[in-house]
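Following: one structure in structure tokens, then a few remarks.
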Amino acid sequence: MDIQNLQKNLIFKNKILYFETINSTNTYLKENHNTLDSNTLVIAKTQTLGRGKNNRTWFSPFGGIYFSLLLKQDNSKNDILPLISGLAIVKSLSKFNIDTYLKWPNDIILHKKKLGGILVESKISKNSKAYIIGIGLNISSLLPSFEIKDKFISLNETVDTIPHNDVLISDICNNIFTLLDDKISVDVIIEEYKKYCLILEKNVYLLKDNSDGIFVNVLDVNCDGSLKVLDLKLNEFFDIYSGEFFISGIYDQI
Ligand code: BTN
């Protein structure tokens, strides 16, 4: 990891904290956000307690990219940070001719498998707001078990020329900053997001706990990042928010 090059390429002169091993870059920022400046970037070579969405573990061996970005600014787009970060990643990878897609809200999909994931967390109190965007990408990670290999993919399995980690990280951060800029409207972001959104116009099951799924058609992505769906049994429209349901029926395993 060439930290100097990374620093040079970032459009904001972020403070960078680099760890060989850490429990979790997100946990580090959750615990230390009060004393750190906005735009601080925490990067680790490996994580011992990497965390994923829905309280899952994020397997974090050497060879992957693991970083978290701290944002403390007020921004009307903070609610759609999960979508913005997903879009930032697919845009970066496409610069290197790597075509990836998004399973709403922000699983990064390559060849129908999960290449990466994003965990956005916030710590909001009376006097302060902190948003933490945690990004994990399998680059040249040795995925151990058959079970994991079935669901996840590493970039080196299908891509010959892999961009350097520092180049990818700075480009993803720069895309996030650009998308957060006032010059770009939420409508423009959502329209661009929709181009990569795999479940749009598809029929999927919405699953909650052990209940039977609700069979819906995905109609649209709303400007707050939620999904507009049509219940195909009751013929009723409703909106769903990230974390409310698991989406099944397409790239099921993820
Ligand atoms: C997901 O479940 O899809 C989200 C995975 C997010 C993993 C990243 S790796 C860097 C940061 N630190 C963590 O503990 N999690 C996020």
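Residues are named by chain letter and number: chains run A, B, ... in the order of the structure tokens, numbers start at 1 in each chain, and ligands are numbered from 1 in the order shown.
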Name each residue within 6 Å of ligand 1, counting only C-alpha atoms and all ligand atoms, as a PDB file with all heavy atoms, in the first residue's frame.
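The resulting result.pdb:
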ATOM      1  N   SER A  24     -11.621  -3.853  13.542  1.00  0.00           N
ATOM      2  CA  SER A  24     -12.486  -3.443  12.429  1.00  0.00           C
ATOM      3  C   SER A  24     -12.280  -1.940  12.218  1.00  0.00           C
ATOM      4  O   SER A  24     -12.282  -1.180  13.189  1.00  0.00           O
ATOM      5  CB  SER A  24     -13.943  -3.735  12.796  1.00  0.00           C
ATOM      6  OG  SER A  24     -14.816  -2.782  12.244  1.00  0.00           O
ATOM      7  N   THR A  25     -12.098  -1.539  10.983  1.00  0.00           N
ATOM      8  CA  THR A  25     -11.886  -0.106  10.710  1.00  0.00           C
ATOM      9  C   THR A  25     -13.142   0.695  11.069  1.00  0.00           C
ATOM     10  O   THR A  25     -13.049   1.836  11.521  1.00  0.00           O
ATOM     11  CB  THR A  25     -11.501   0.118   9.230  1.00  0.00           C
ATOM     12  OG1 THR A  25     -12.483  -0.499   8.393  1.00  0.00           O
ATOM     13  CG2 THR A  25     -10.130  -0.452   8.906  1.00  0.00           C
ATOM     14  N   ASN A  26     -14.322   0.086  10.899  1.00  0.00           N
ATOM     15  CA  ASN A  26     -15.554   0.785  11.300  1.00  0.00           C
ATOM     16  C   ASN A  26     -15.615   0.956  12.816  1.00  0.00           C
ATOM     17  O   ASN A  26     -15.960   2.028  13.325  1.00  0.00           O
ATOM     18  CB  ASN A  26     -16.790   0.003  10.843  1.00  0.00           C
ATOM     19  CG  ASN A  26     -17.357   0.527   9.538  1.00  0.00           C
ATOM     20  OD1 ASN A  26     -16.592   0.851   8.627  1.00  0.00           O
ATOM     21  ND2 ASN A  26     -18.662   0.611   9.433  1.00  0.00           N
ATOM     22  N   GLY A  50     -13.962  -8.108  11.464  1.00  0.00           N
ATOM     23  CA  GLY A  50     -14.654  -7.342  10.426  1.00  0.00           C
ATOM     24  C   GLY A  50     -16.156  -7.552  10.528  1.00  0.00           C
ATOM     25  O   GLY A  50     -16.610  -8.672  10.766  1.00  0.00           O
ATOM     26  N   ARG A  51     -16.894  -6.486  10.362  1.00  0.00           N
ATOM     27  CA  ARG A  51     -18.352  -6.570  10.514  1.00  0.00           C
ATOM     28  C   ARG A  51     -19.063  -6.286   9.198  1.00  0.00           C
ATOM     29  O   ARG A  51     -18.666  -5.405   8.447  1.00  0.00           O
ATOM     30  CB  ARG A  51     -18.837  -5.576  11.579  1.00  0.00           C
ATOM     31  CG  ARG A  51     -18.314  -5.899  12.967  1.00  0.00           C
ATOM     32  CD  ARG A  51     -18.892  -5.023  14.039  1.00  0.00           C
ATOM     33  NE  ARG A  51     -18.429  -3.646  13.930  1.00  0.00           N
ATOM     34  CZ  ARG A  51     -19.180  -2.637  13.556  1.00  0.00           C
ATOM     35  NH1 ARG A  51     -20.450  -2.829  13.221  1.00  0.00           N
ATOM     36  NH2 ARG A  51     -18.684  -1.416  13.490  1.00  0.00           N
ATOM     37  N   GLY A  52     -20.120  -7.055   8.937  1.00  0.00           N
ATOM     38  CA  GLY A  52     -20.931  -6.835   7.746  1.00  0.00           C
ATOM     39  C   GLY A  52     -22.315  -6.352   8.119  1.00  0.00           C
ATOM     40  O   GLY A  52     -22.594  -6.086   9.294  1.00  0.00           O
ATOM     41  N   LYS A  53     -23.180  -6.244   7.120  1.00  0.00           N
ATOM     42  CA  LYS A  53     -24.559  -5.829   7.379  1.00  0.00           C
ATOM     43  C   LYS A  53     -25.286  -6.935   8.160  1.00  0.00           C
ATOM     44  O   LYS A  53     -24.900  -8.086   8.115  1.00  0.00           O
ATOM     45  CB  LYS A  53     -25.282  -5.578   6.051  1.00  0.00           C
ATOM     46  CG  LYS A  53     -24.816  -4.299   5.368  1.00  0.00           C
ATOM     47  CD  LYS A  53     -25.734  -3.923   4.213  1.00  0.00           C
ATOM     48  CE  LYS A  53     -25.357  -4.602   2.928  1.00  0.00           C
ATOM     49  NZ  LYS A  53     -24.324  -3.950   2.140  1.00  0.00           N
ATOM     50  N   TRP A  58     -17.596  -9.997   8.597  1.00  0.00           N
ATOM     51  CA  TRP A  58     -16.992  -9.771   7.279  1.00  0.00           C
ATOM     52  C   TRP A  58     -15.609 -10.408   7.291  1.00  0.00           C
ATOM     53  O   TRP A  58     -14.694  -9.930   7.967  1.00  0.00           O
ATOM     54  CB  TRP A  58     -16.899  -8.279   6.952  1.00  0.00           C
ATOM     55  CG  TRP A  58     -16.423  -8.054   5.542  1.00  0.00           C
ATOM     56  CD1 TRP A  58     -15.177  -7.681   5.150  1.00  0.00           C
ATOM     57  CD2 TRP A  58     -17.196  -8.202   4.345  1.00  0.00           C
ATOM     58  NE1 TRP A  58     -15.117  -7.595   3.777  1.00  0.00           N
ATOM     59  CE2 TRP A  58     -16.336  -7.908   3.250  1.00  0.00           C
ATOM     60  CE3 TRP A  58     -18.523  -8.566   4.069  1.00  0.00           C
ATOM     61  CZ2 TRP A  58     -16.767  -7.960   1.923  1.00  0.00           C
ATOM     62  CZ3 TRP A  58     -18.947  -8.616   2.749  1.00  0.00           C
ATOM     63  CH2 TRP A  58     -18.084  -8.303   1.702  1.00  0.00           C
ATOM     64  N   TYR A  66      -9.779  -3.079   2.942  1.00  0.00           N
ATOM     65  CA  TYR A  66     -10.667  -2.785   4.075  1.00  0.00           C
ATOM     66  C   TYR A  66     -10.406  -1.356   4.511  1.00  0.00           C
ATOM     67  O   TYR A  66      -9.289  -1.037   4.939  1.00  0.00           O
ATOM     68  CB  TYR A  66     -10.385  -3.738   5.259  1.00  0.00           C
ATOM     69  CG  TYR A  66     -10.248  -5.170   4.808  1.00  0.00           C
ATOM     70  CD1 TYR A  66      -8.988  -5.772   4.707  1.00  0.00           C
ATOM     71  CD2 TYR A  66     -11.364  -5.898   4.427  1.00  0.00           C
ATOM     72  CE1 TYR A  66      -8.849  -7.066   4.238  1.00  0.00           C
ATOM     73  CE2 TYR A  66     -11.235  -7.198   3.955  1.00  0.00           C
ATOM     74  CZ  TYR A  66      -9.972  -7.772   3.860  1.00  0.00           C
ATOM     75  OH  TYR A  66      -9.842  -9.044   3.381  1.00  0.00           O
ATOM     76  N   PHE A  67     -11.391  -0.504   4.352  1.00  0.00           N
ATOM     77  CA  PHE A  67     -11.179   0.858   4.832  1.00  0.00           C
ATOM     78  C   PHE A  67     -12.496   1.500   5.238  1.00  0.00           C
ATOM     79  O   PHE A  67     -13.576   1.084   4.819  1.00  0.00           O
ATOM     80  CB  PHE A  67     -10.438   1.718   3.798  1.00  0.00           C
ATOM     81  CG  PHE A  67     -11.224   2.077   2.571  1.00  0.00           C
ATOM     82  CD1 PHE A  67     -11.894   3.299   2.469  1.00  0.00           C
ATOM     83  CD2 PHE A  67     -11.290   1.216   1.489  1.00  0.00           C
ATOM     84  CE1 PHE A  67     -12.595   3.649   1.321  1.00  0.00           C
ATOM     85  CE2 PHE A  67     -11.990   1.540   0.334  1.00  0.00           C
ATOM     86  CZ  PHE A  67     -12.638   2.759   0.254  1.00  0.00           C
ATOM     87  N   SER A  68     -12.361   2.535   6.071  1.00  0.00           N
ATOM     88  CA  SER A  68     -13.537   3.285   6.521  1.00  0.00           C
ATOM     89  C   SER A  68     -13.238   4.769   6.445  1.00  0.00           C
ATOM     90  O   SER A  68     -12.122   5.215   6.747  1.00  0.00           O
ATOM     91  CB  SER A  68     -13.900   2.922   7.963  1.00  0.00           C
ATOM     92  OG  SER A  68     -14.158   1.546   8.081  1.00  0.00           O
ATOM     93  N   ASP A 107     -24.590  -4.061  -2.334  1.00  0.00           N
ATOM     94  CA  ASP A 107     -23.660  -5.185  -2.509  1.00  0.00           C
ATOM     95  C   ASP A 107     -23.037  -5.034  -3.896  1.00  0.00           C
ATOM     96  O   ASP A 107     -23.741  -4.782  -4.870  1.00  0.00           O
ATOM     97  CB  ASP A 107     -24.398  -6.523  -2.438  1.00  0.00           C
ATOM     98  CG  ASP A 107     -24.830  -6.857  -1.023  1.00  0.00           C
ATOM     99  OD1 ASP A 107     -24.235  -6.298  -0.076  1.00  0.00           O
ATOM    100  OD2 ASP A 107     -25.761  -7.664  -0.864  1.00  0.00           O
ATOM    101  N   GLY A 117     -18.704  -5.304  -0.130  1.00  0.00           N
ATOM    102  CA  GLY A 117     -19.857  -4.832   0.613  1.00  0.00           C
ATOM    103  C   GLY A 117     -19.541  -3.531   1.334  1.00  0.00           C
ATOM    104  O   GLY A 117     -18.370  -3.163   1.498  1.00  0.00           O
ATOM    105  N   ILE A 118     -20.595  -2.869   1.754  1.00  0.00           N
ATOM    106  CA  ILE A 118     -20.459  -1.560   2.402  1.00  0.00           C
ATOM    107  C   ILE A 118     -21.311  -1.544   3.665  1.00  0.00           C
ATOM    108  O   ILE A 118     -22.478  -1.947   3.635  1.00  0.00           O
ATOM    109  CB  ILE A 118     -20.951  -0.438   1.447  1.00  0.00           C
ATOM    110  CG1 ILE A 118     -20.175  -0.490   0.130  1.00  0.00           C
ATOM    111  CG2 ILE A 118     -20.835   0.933   2.107  1.00  0.00           C
ATOM    112  CD1 ILE A 118     -20.796   0.355  -0.961  1.00  0.00           C
ATOM    113  N   LEU A 119     -20.708  -1.084   4.736  1.00  0.00           N
ATOM    114  CA  LEU A 119     -21.457  -0.936   5.984  1.00  0.00           C
ATOM    115  C   LEU A 119     -21.408   0.533   6.384  1.00  0.00           C
ATOM    116  O   LEU A 119     -20.349   1.038   6.750  1.00  0.00           O
ATOM    117  CB  LEU A 119     -20.822  -1.814   7.079  1.00  0.00           C
ATOM    118  CG  LEU A 119     -21.456  -1.749   8.464  1.00  0.00           C
ATOM    119  CD1 LEU A 119     -22.889  -2.307   8.441  1.00  0.00           C
ATOM    120  CD2 LEU A 119     -20.619  -2.540   9.476  1.00  0.00           C
ATOM    121  N   GLY A 134     -17.881   2.091   5.692  1.00  0.00           N
ATOM    122  CA  GLY A 134     -16.891   1.011   5.715  1.00  0.00           C
ATOM    123  C   GLY A 134     -16.988   0.183   4.447  1.00  0.00           C
ATOM    124  O   GLY A 134     -18.075  -0.280   4.082  1.00  0.00           O
ATOM    125  N   ILE A 135     -15.866   0.007   3.791  1.00  0.00           N
ATOM    126  CA  ILE A 135     -15.865  -0.682   2.498  1.00  0.00           C
ATOM    127  C   ILE A 135     -14.918  -1.885   2.537  1.00  0.00           C
ATOM    128  O   ILE A 135     -13.768  -1.775   2.978  1.00  0.00           O
ATOM    129  CB  ILE A 135     -15.454   0.306   1.378  1.00  0.00           C
ATOM    130  CG1 ILE A 135     -16.567   1.362   1.231  1.00  0.00           C
ATOM    131  CG2 ILE A 135     -15.203  -0.426   0.048  1.00  0.00           C
ATOM    132  CD1 ILE A 135     -16.308   2.445   0.230  1.00  0.00           C
ATOM    133  N   GLY A 136     -15.414  -3.009   2.097  1.00  0.00           N
ATOM    134  CA  GLY A 136     -14.584  -4.217   1.998  1.00  0.00           C
ATOM    135  C   GLY A 136     -14.667  -4.769   0.586  1.00  0.00           C
ATOM    136  O   GLY A 136     -15.769  -4.942   0.048  1.00  0.00           O
TER     137      GLY A 136
END
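Across segment 108-151 of chain A, DSSP run on the backbone finds helix (DSSP H, G or I) at A:Phe146, A:Glu147, A:Ile148, A:Lys149, A:Asp150, A:Lys151.
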Using only C-alpha atoms, which residue out of A:Ser211, A:Leu83, A:Asp181, A:Glu157 lies closest to Leu227 of chain A?
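Ranked by minimum distance to Leu227 of chain A, first place goes to A:Leu83.
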Segment 75-79 of chain A environment, 8 Å, only C-alpha atoms, sequence neighbours closer than 5 positions dropped, as a PyMOL selection string:
chain A and resi 131+180+186+224-225
Can you write out the residues you just picked, keeping C-alpha atoms, as an mmCIF file, in the first residue's frame?
data_model
loop_
_atom_site.group_PDB
_atom_site.id
_atom_site.type_symbol
_atom_site.label_atom_id
_atom_site.label_comp_id
_atom_site.auth_asym_id
_atom_site.auth_seq_id
_atom_site.Cartn_x
_atom_site.Cartn_y
_atom_site.Cartn_z
ATOM 1 C CA TYR A 131 -21.139 8.937 9.497
ATOM 2 C CA LEU A 180 -21.621 14.610 -2.161
ATOM 3 C CA VAL A 186 -29.944 13.688 -5.736
ATOM 4 C CA ASP A 224 -34.483 8.835 -0.305
ATOM 5 C CA GLY A 225 -32.849 5.593 -1.403
#
Among the residues of segment 8-164 of chain A, find those DSSP assigns to strand (DSSP E or B) from the backbone and print them as a PyMOL selection string.
chain A and resi 16-22+41-47+51+57+65-71+101-103+107-110+113-124+129-137+152
Which is closer to Glu236 of chain A than all the others in A:Asp171, A:Asn54, A:Phe215, A:Val221, using only C-alpha atoms?
A:Phe215
Between A:Ser185, A:Asn97, A:Ser60, A:Gln73, which residue has the minimum interatomic distance to Asn138 of chain A, considering only C-alpha atoms?
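Ranking A:Ser185, A:Asn97, A:Ser60, A:Gln73 by distance to Asn138 of chain A, first place goes to A:Ser60.
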Hey, what's within 12 Å of Ile124 of chain A if we count only C-alpha atoms and toss same-chain stuff fewer than 4 positions away? As a ChimeraX atom specification, please?
/A:30,33-34,71-74,128-132
I need the residues from that last selection saved to file as an mmCIF file, in the first residue's frame (with N, CA and C atoms), if you can.
data_model
loop_
_atom_site.group_PDB
_atom_site.id
_atom_site.type_symbol
_atom_site.label_atom_id
_atom_site.label_comp_id
_atom_site.auth_asym_id
_atom_site.auth_seq_id
_atom_site.Cartn_x
_atom_site.Cartn_y
_atom_site.Cartn_z
ATOM 1 N N LYS A 30 -15.951 4.291 15.048
ATOM 2 C CA LYS A 30 -17.087 4.439 15.969
ATOM 3 C C LYS A 30 -16.582 4.833 17.357
ATOM 4 N N HIS A 33 -14.388 8.664 16.785
ATOM 5 C CA HIS A 33 -14.825 9.757 15.901
ATOM 6 C C HIS A 33 -14.788 11.125 16.564
ATOM 7 N N ASN A 34 -14.991 11.147 17.894
ATOM 8 C CA ASN A 34 -15.025 12.442 18.592
ATOM 9 C C ASN A 34 -13.724 13.202 18.475
ATOM 10 N N LEU A 71 -17.186 10.847 8.001
ATOM 11 C CA LEU A 71 -17.740 12.112 7.489
ATOM 12 C C LEU A 71 -18.507 12.784 8.623
ATOM 13 N N LYS A 72 -18.179 14.042 8.862
ATOM 14 C CA LYS A 72 -18.854 14.733 9.968
ATOM 15 C C LYS A 72 -19.652 15.954 9.498
ATOM 16 N N GLN A 73 -19.617 16.209 8.177
ATOM 17 C CA GLN A 73 -20.339 17.378 7.671
ATOM 18 C C GLN A 73 -21.844 17.101 7.639
ATOM 19 N N ASP A 74 -22.606 18.185 7.790
ATOM 20 C CA ASP A 74 -24.041 18.093 7.527
ATOM 21 C C ASP A 74 -24.214 18.090 6.027
ATOM 22 N N SER A 128 -23.172 16.442 17.916
ATOM 23 C CA SER A 128 -22.308 15.997 16.810
ATOM 24 C C SER A 128 -22.955 14.907 15.979
ATOM 25 N N LYS A 129 -22.469 14.843 14.758
ATOM 26 C CA LYS A 129 -22.940 13.808 13.840
ATOM 27 C C LYS A 129 -21.730 13.175 13.209
ATOM 28 N N ALA A 130 -21.705 11.864 13.155
ATOM 29 C CA ALA A 130 -20.594 11.196 12.470
ATOM 30 C C ALA A 130 -21.150 10.057 11.633
ATOM 31 N N TYR A 131 -20.752 10.031 10.382
ATOM 32 C CA TYR A 131 -21.139 8.937 9.497
ATOM 33 C C TYR A 131 -19.877 8.164 9.144
ATOM 34 N N ILE A 132 -19.990 6.864 9.183
ATOM 35 C CA ILE A 132 -18.825 6.009 8.895
ATOM 36 C C ILE A 132 -19.181 5.112 7.715
#
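Minimum atom-to-atom distance to Val188 of chain A, evaluated using only C-alpha atoms, belongs to A:Cys223 out of A:Ile169, A:Cys223, A:Ile214, A:Leu49.
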Among listed residues A:Val167, A:Leu200, A:Leu230, A:Ile80, nearest Leu102 of chain A (using only C-alpha atoms):
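Checking each of A:Val167, A:Leu200, A:Leu230, A:Ile80 against Leu102 of chain A, counting only C-alpha atoms, the winner is A:Leu200.
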What does the distance from atom CA of Val90 of chain A to atom CA of Ile153 of chain A come to in Å, to one decimal?
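Computing the Euclidean distance for atom CA of Val90 of chain A and atom CA of Ile153 of chain A yields 15.2 Å.
Here atom CA of Thr178 of chain A is placed at a distance of 26.3 Å from atom CA of Asn127 of chain A.
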Proximity to Leu142 of chain A - best of A:Leu155, A:Leu207, A:Ile98, A:Ile184, only C-alpha atoms:
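Under the stated criterion, the closest residue is A:Leu155.
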Would you mind reading off the distance between atom CA of Ala44 of chain A and atom CA of Val120 of chain A, one decimal, in Å?
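About the pair atom CA of Ala44 of chain A and atom CA of Val120 of chain A: they are 17.1 Å apart.
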Contact residues around Trp104 of chain A with only C-alpha atoms at 8 Å, ignoring same-chain residues under 6 positions, as a list of chain:residue names:
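Near neighbours after the sequence-gap exclusion: A:Cys197, A:Leu198, A:Ile199.
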Those residues you just picked out, can you put them in a file as a compact mmCIF listing (two decimals), in the first residue's frame with N, CA and C atoms?
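Dumped everything to again_1.txt:
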# COMPACT_ATOMS: atom_id res chain seq x y z
N CYS A 197 -28.33 -0.94 -10.97
CA CYS A 197 -29.14 -1.64 -9.96
C CYS A 197 -29.75 -2.92 -10.54
N LEU A 198 -29.30 -4.07 -10.02
CA LEU A 198 -29.66 -5.36 -10.61
C LEU A 198 -31.12 -5.75 -10.42
N ILE A 199 -31.76 -5.29 -9.36
CA ILE A 199 -33.10 -5.83 -9.08
C ILE A 199 -34.22 -4.94 -9.63
List the neighbours of segment 239-243 of chain A out to 7 Å using only C-alpha atoms; skip same-chain residues closer than 4 positions along the sequence, and give me the result as a PyMOL selection string.
chain A and resi 105+226-229
Would you mind exporting the chosen residues as a compact mmCIF listing (two decimals), in the first residue's frame, restricted to C-alpha atoms?
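Writing the result to again.txt gives the following:
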# COMPACT_ATOMS: atom_id res chain seq x y z
CA PRO A 105 -28.75 -1.17 -1.57
CA SER A 226 -35.83 3.37 -0.59
CA LEU A 227 -37.38 1.01 -3.15
CA LYS A 228 -40.85 1.34 -4.59
CA VAL A 229 -42.34 -2.12 -5.04
